[in-house]
Amino acid sequence: MTVNGRTHVIVHEARVSLLDLLREQMALPGTKKGCNEGACGACTVLLDGARINACMTLAAACDGRAIVTVEGLASADGTLDAVQRAFIAEDAFQCGYCTPGQIVSAVACIREGHAGSATEIAEWMSGNLCRCAAYPQIVAAVERAAAELGAAGRAVHPSGAVQPATVLSVRAG
Ligand code: FES
Ligand code: FES
């Protein structure tokens with residue numbers, strides 16, 4: 001699979017979830033484990049550009065596909081993505097645990113063209129729960145990023161260029 005623009009060849013147990021693979025085998029802890037049962041959105045990543053719950057996705061089902069996690073949104077030089085900057089500008093987090101999932105979901109929400117109003121954003125971000133209830137700031141951040149990105153935000157795929165293959169780990173499965 002390709003993760004954040006780099007191709008990895010991984011052997012893993014057939015039952016492992018994409019979330020556990022990312023966090024435990026690929027050292028990408030930005031994707032959070034909240035409920036681990038598809039109810040909170042903390043584990044949101046992009047799979048071929050569409051947002052999914054990584055806890056409900058078998059890693060084996062991602063063979064040959066492109067994953068983007070929150071770690072893959074910033075540029076290689078560390079420049080933050082427009083959505084990441086907007087979350088900071090709007091102070092759209094308290095404890096921050098839901099934030100990576102919110103940001104990844106917001107990237108897709110804007111690209112899908114579902115950020116036309118606060119009401120629309122709230123509806124299309126409703127799969128991402130925030131136990132701190134930072135929802136007004138989160139909606140404001142999505143509005144800010146959508147305004148900055150404009151039409152370009154709906155055309156750019158955030159996965160970036162595919163890099164040469166890297167063998168990350170090989171484990172008996
Ligand atoms: S951890 Fe995946 S939806 Fe909650
Ligand atoms: S900022 Fe704490 S759960 Fe959202």
# chains A, B, ... in the order shown; residues from 1 in each chain; ligands from 1
$ residues_around --residues "segment 59-71 of chain A" --least-positions-apart "6" --cutoff "10 Å" --atoms "only C-alpha atoms" --output "PyMOL selection string"
chain A and resi 1-22+28-32+43-52+81+84+99-105+107+157-160+162
$ write_last_selection --atoms "N, CA and C atoms" --output "short mmCIF file (atom, residue, chain, number, x, y, z; two decimals), in the first residue's frame"
data_model
loop_
_atom_site.label_atom_id
_atom_site.label_comp_id
_atom_site.auth_asym_id
_atom_site.auth_seq_id
_atom_site.Cartn_x
_atom_site.Cartn_y
_atom_site.Cartn_z
N MET A 1 0.84 -1.20 0.00
CA MET A 1 0.00 0.00 0.00
C MET A 1 0.88 1.25 0.00
N THR A 2 0.28 2.35 -0.43
CA THR A 2 0.99 3.63 -0.40
C THR A 2 0.46 4.44 0.78
N VAL A 3 1.36 4.88 1.64
CA VAL A 3 0.96 5.66 2.80
C VAL A 3 1.69 6.99 2.76
N ASN A 4 0.92 8.05 2.70
CA ASN A 4 1.47 9.41 2.66
C ASN A 4 2.51 9.56 1.55
N GLY A 5 2.19 8.97 0.41
CA GLY A 5 3.01 9.15 -0.77
C GLY A 5 4.17 8.18 -0.91
N ARG A 6 4.35 7.29 0.06
CA ARG A 6 5.43 6.30 -0.04
C ARG A 6 4.83 4.91 -0.10
N THR A 7 5.39 4.09 -0.95
CA THR A 7 4.88 2.72 -1.11
C THR A 7 5.58 1.79 -0.12
N HIS A 8 4.79 1.01 0.59
CA HIS A 8 5.32 0.08 1.59
C HIS A 8 4.87 -1.34 1.25
N VAL A 9 5.76 -2.29 1.48
CA VAL A 9 5.41 -3.70 1.35
C VAL A 9 5.41 -4.26 2.77
N ILE A 10 4.27 -4.71 3.23
CA ILE A 10 4.12 -5.12 4.62
C ILE A 10 3.44 -6.48 4.68
N VAL A 11 4.00 -7.37 5.49
CA VAL A 11 3.33 -8.63 5.78
C VAL A 11 2.76 -8.52 7.19
N HIS A 12 1.49 -8.80 7.33
CA HIS A 12 0.85 -8.64 8.64
C HIS A 12 -0.20 -9.72 8.83
N GLU A 13 -0.68 -9.83 10.04
CA GLU A 13 -1.74 -10.79 10.32
C GLU A 13 -3.00 -10.40 9.54
N ALA A 14 -3.73 -11.40 9.10
CA ALA A 14 -4.89 -11.16 8.25
C ALA A 14 -5.96 -10.33 8.97
N ARG A 15 -6.01 -10.41 10.29
CA ARG A 15 -7.11 -9.75 11.02
C ARG A 15 -6.79 -8.32 11.46
N VAL A 16 -5.57 -7.84 11.20
CA VAL A 16 -5.18 -6.54 11.75
C VAL A 16 -5.94 -5.41 11.04
N SER A 17 -6.36 -4.42 11.82
CA SER A 17 -7.06 -3.28 11.23
C SER A 17 -6.05 -2.30 10.65
N LEU A 18 -6.53 -1.48 9.74
CA LEU A 18 -5.65 -0.44 9.20
C LEU A 18 -5.18 0.49 10.31
N LEU A 19 -6.06 0.78 11.26
CA LEU A 19 -5.68 1.67 12.37
C LEU A 19 -4.51 1.09 13.16
N ASP A 20 -4.61 -0.17 13.53
CA ASP A 20 -3.52 -0.78 14.30
C ASP A 20 -2.25 -0.90 13.46
N LEU A 21 -2.40 -1.17 12.19
CA LEU A 21 -1.22 -1.25 11.33
C LEU A 21 -0.51 0.10 11.30
N LEU A 22 -1.26 1.18 11.12
CA LEU A 22 -0.66 2.51 11.05
C LEU A 22 0.04 2.87 12.36
N LEU A 28 2.95 5.58 12.97
CA LEU A 28 2.17 6.77 12.59
C LEU A 28 1.04 6.95 13.62
N PRO A 29 1.36 7.47 14.80
CA PRO A 29 0.35 7.56 15.87
C PRO A 29 -0.57 8.77 15.76
N GLY A 30 -0.44 9.55 14.68
CA GLY A 30 -1.34 10.70 14.53
C GLY A 30 -2.78 10.28 14.41
N THR A 31 -3.04 9.15 13.78
CA THR A 31 -4.40 8.63 13.66
C THR A 31 -4.79 8.03 15.00
N LYS A 32 -5.83 8.56 15.61
CA LYS A 32 -6.17 8.20 17.00
C LYS A 32 -7.17 7.05 17.08
N CYS A 43 -10.28 8.01 14.13
CA CYS A 43 -9.33 7.25 13.31
C CYS A 43 -9.45 7.56 11.82
N THR A 44 -10.08 8.68 11.48
CA THR A 44 -10.34 8.97 10.06
C THR A 44 -9.04 9.13 9.26
N VAL A 45 -8.96 8.42 8.16
CA VAL A 45 -7.87 8.59 7.18
C VAL A 45 -8.52 8.63 5.80
N LEU A 46 -7.73 8.98 4.81
CA LEU A 46 -8.21 8.95 3.43
C LEU A 46 -7.76 7.66 2.78
N LEU A 47 -8.67 6.97 2.12
CA LEU A 47 -8.37 5.77 1.35
C LEU A 47 -8.75 6.08 -0.09
N ASP A 48 -7.74 6.15 -0.96
CA ASP A 48 -7.96 6.58 -2.34
C ASP A 48 -8.77 7.87 -2.38
N GLY A 49 -8.47 8.77 -1.45
CA GLY A 49 -9.08 10.09 -1.44
C GLY A 49 -10.38 10.20 -0.69
N ALA A 50 -10.96 9.07 -0.27
CA ALA A 50 -12.23 9.10 0.46
C ALA A 50 -11.98 8.86 1.94
N ARG A 51 -12.73 9.57 2.78
CA ARG A 51 -12.51 9.39 4.23
C ARG A 51 -13.15 8.10 4.71
N ILE A 52 -12.42 7.40 5.55
CA ILE A 52 -12.91 6.15 6.11
C ILE A 52 -12.50 6.08 7.58
N ASP A 81 -0.73 22.22 6.01
CA ASP A 81 -1.85 22.28 5.09
C ASP A 81 -2.80 23.41 5.50
N GLN A 84 -4.97 22.49 8.44
CA GLN A 84 -4.21 22.49 9.70
C GLN A 84 -4.02 23.91 10.21
N THR A 99 -8.70 15.83 17.03
CA THR A 99 -8.27 16.79 16.01
C THR A 99 -7.69 16.16 14.74
N PRO A 100 -6.81 15.15 14.83
CA PRO A 100 -6.32 14.58 13.57
C PRO A 100 -7.44 14.05 12.68
N GLY A 101 -8.39 13.36 13.29
CA GLY A 101 -9.52 12.86 12.51
C GLY A 101 -10.37 13.99 11.96
N GLN A 102 -10.56 15.03 12.76
CA GLN A 102 -11.34 16.18 12.29
C GLN A 102 -10.66 16.83 11.09
N ILE A 103 -9.35 16.99 11.17
CA ILE A 103 -8.61 17.65 10.10
C ILE A 103 -8.65 16.83 8.81
N VAL A 104 -8.41 15.53 8.93
CA VAL A 104 -8.45 14.68 7.74
C VAL A 104 -9.86 14.69 7.14
N SER A 105 -10.86 14.61 8.00
CA SER A 105 -12.24 14.63 7.51
C SER A 105 -12.55 15.97 6.86
N VAL A 107 -10.47 17.96 5.31
CA VAL A 107 -9.83 18.00 3.99
C VAL A 107 -10.76 17.38 2.95
N HIS A 157 -5.59 16.51 -4.86
CA HIS A 157 -5.54 15.30 -4.03
C HIS A 157 -4.36 15.44 -3.08
N PRO A 158 -4.57 15.27 -1.77
CA PRO A 158 -3.51 15.55 -0.82
C PRO A 158 -2.48 14.43 -0.66
N SER A 159 -2.58 13.37 -1.42
CA SER A 159 -1.66 12.26 -1.17
C SER A 159 -0.27 12.52 -1.72
N GLY A 160 -0.13 13.50 -2.59
CA GLY A 160 1.19 13.86 -3.09
C GLY A 160 1.75 12.83 -4.05
N VAL A 162 3.90 9.76 -5.52
CA VAL A 162 4.27 8.44 -5.02
C VAL A 162 5.79 8.30 -5.07
#
$ residues_near_ligand --ligand "ligand 2" --cutoff "8 Å" --atoms "only C-alpha atoms and all ligand atoms" --output "JSON, numbers by chain"
{"A": [92, 93, 94, 95, 96, 97, 98, 99, 129, 130, 131, 132, 133, 134]}
$ closest_residue --among "A:Asn36, A:Gln137, A:Ser75, A:Gln25" --to "ligand 1" --atoms "only C-alpha atoms and all ligand atoms"
A:Asn36
$ select_by_dssp --residues "chain A" --states "helix (DSSP H, G or I)" --output "VMD selection string"
chain A and resid 18 to 25 54 to 56 59 to 62 70 to 72 82 to 89 99 to 111 118 to 124 135 to 154
$ residues_around --residues "Glu90 of chain A" --least-positions-apart "4" --cutoff "7 Å" --atoms "only C-alpha atoms" --output "PyMOL selection string"
chain A and resi 86+137+140-141
$ residues_near_ligand --ligand "ligand 1" --cutoff "8 Å" --atoms "only C-alpha atoms and all ligand atoms" --output "ChimeraX atom specification"
/A:19,32-44,53-56,128
$ select_by_dssp --residues "chain A" --states "strand (DSSP E)" --output "ChimeraX atom specification"
/A:2-3,6-11,44-47,50-53,66-68,166-170
$ write_last_selection --atoms "N, CA and C atoms" --output "CSV table (one decimal), in the first residue's frame"
chain,number,residue,atom,x,y,z
A,2,THR,N,0.3,2.3,-0.4
A,2,THR,CA,1.0,3.6,-0.4
A,2,THR,C,0.5,4.4,0.8
A,3,VAL,N,1.4,4.9,1.6
A,3,VAL,CA,1.0,5.7,2.8
A,3,VAL,C,1.7,7.0,2.8
A,6,ARG,N,4.4,7.3,0.1
A,6,ARG,CA,5.4,6.3,0.0
A,6,ARG,C,4.8,4.9,-0.1
A,7,THR,N,5.4,4.1,-0.9
A,7,THR,CA,4.9,2.7,-1.1
A,7,THR,C,5.6,1.8,-0.1
A,8,HIS,N,4.8,1.0,0.6
A,8,HIS,CA,5.3,0.1,1.6
A,8,HIS,C,4.9,-1.3,1.2
A,9,VAL,N,5.8,-2.3,1.5
A,9,VAL,CA,5.4,-3.7,1.4
A,9,VAL,C,5.4,-4.3,2.8
A,10,ILE,N,4.3,-4.7,3.2
A,10,ILE,CA,4.1,-5.1,4.6
A,10,ILE,C,3.4,-6.5,4.7
A,11,VAL,N,4.0,-7.4,5.5
A,11,VAL,CA,3.3,-8.6,5.8
A,11,VAL,C,2.8,-8.5,7.2
A,44,THR,N,-10.1,8.7,11.5
A,44,THR,CA,-10.3,9.0,10.1
A,44,THR,C,-9.0,9.1,9.3
A,45,VAL,N,-9.0,8.4,8.2
A,45,VAL,CA,-7.9,8.6,7.2
A,45,VAL,C,-8.5,8.6,5.8
A,46,LEU,N,-7.7,9.0,4.8
A,46,LEU,CA,-8.2,9.0,3.4
A,46,LEU,C,-7.8,7.7,2.8
A,47,LEU,N,-8.7,7.0,2.1
A,47,LEU,CA,-8.4,5.8,1.3
A,47,LEU,C,-8.7,6.1,-0.1
A,50,ALA,N,-11.0,9.1,-0.3
A,50,ALA,CA,-12.2,9.1,0.5
A,50,ALA,C,-12.0,8.9,1.9
A,51,ARG,N,-12.7,9.6,2.8
A,51,ARG,CA,-12.5,9.4,4.2
A,51,ARG,C,-13.2,8.1,4.7
A,52,ILE,N,-12.4,7.4,5.6
A,52,ILE,CA,-12.9,6.1,6.1
A,52,ILE,C,-12.5,6.1,7.6
A,53,ASN,N,-13.1,5.2,8.3
A,53,ASN,CA,-12.7,4.9,9.7
A,53,ASN,C,-11.7,3.7,9.6
A,66,ALA,N,-4.1,3.8,-1.8
A,66,ALA,CA,-3.4,4.9,-1.3
A,66,ALA,C,-4.0,5.4,0.0
A,67,ILE,N,-3.2,5.5,1.1
A,67,ILE,CA,-3.7,6.0,2.4
A,67,ILE,C,-3.1,7.3,2.6
A,68,VAL,N,-3.8,8.3,3.2
A,68,VAL,CA,-3.3,9.5,3.7
A,68,VAL,C,-3.7,9.7,5.1
A,166,THR,N,9.4,1.2,-0.4
A,166,THR,CA,10.2,1.0,0.8
A,166,THR,C,9.7,-0.2,1.5
A,167,VAL,N,10.5,-1.1,1.8
A,167,VAL,CA,10.1,-2.3,2.6
A,167,VAL,C,10.1,-1.9,4.1
A,168,LEU,N,9.0,-1.7,4.7
A,168,LEU,CA,8.9,-1.2,6.0
A,168,LEU,C,9.1,-2.3,7.0
A,169,SER,N,8.4,-3.4,6.9
A,169,SER,CA,8.6,-4.5,7.8
A,169,SER,C,8.0,-5.8,7.2
A,170,VAL,N,8.6,-6.8,7.6
A,170,VAL,CA,8.1,-8.1,7.2
A,170,VAL,C,7.9,-9.0,8.4
$ atom_distance --atom1 "atom CA of Ile110 of chain A" --atom2 "atom CA of Leu58 of chain A"
26.2 Å
$ closest_residue --among "A:Asp91, A:Glu148, A:His114, A:Arg85" --to "Tyr135 of chain A" --atoms "only C-alpha atoms"
A:Asp91
$ atom_distance --atom1 "atom CA of Ser117 of chain A" --atom2 "atom CA of Ala146 of chain A"
9.9 Å
$ closest_residue --among "A:Leu80, A:Ala108, A:Ile138, A:Ala115" --to "Gly150 of chain A" --atoms "only C-alpha atoms"
A:Ala115
$ atom_distance --atom1 "atom CA of Ala118 of chain A" --atom2 "atom CA of Leu73 of chain A"
23.3 Å
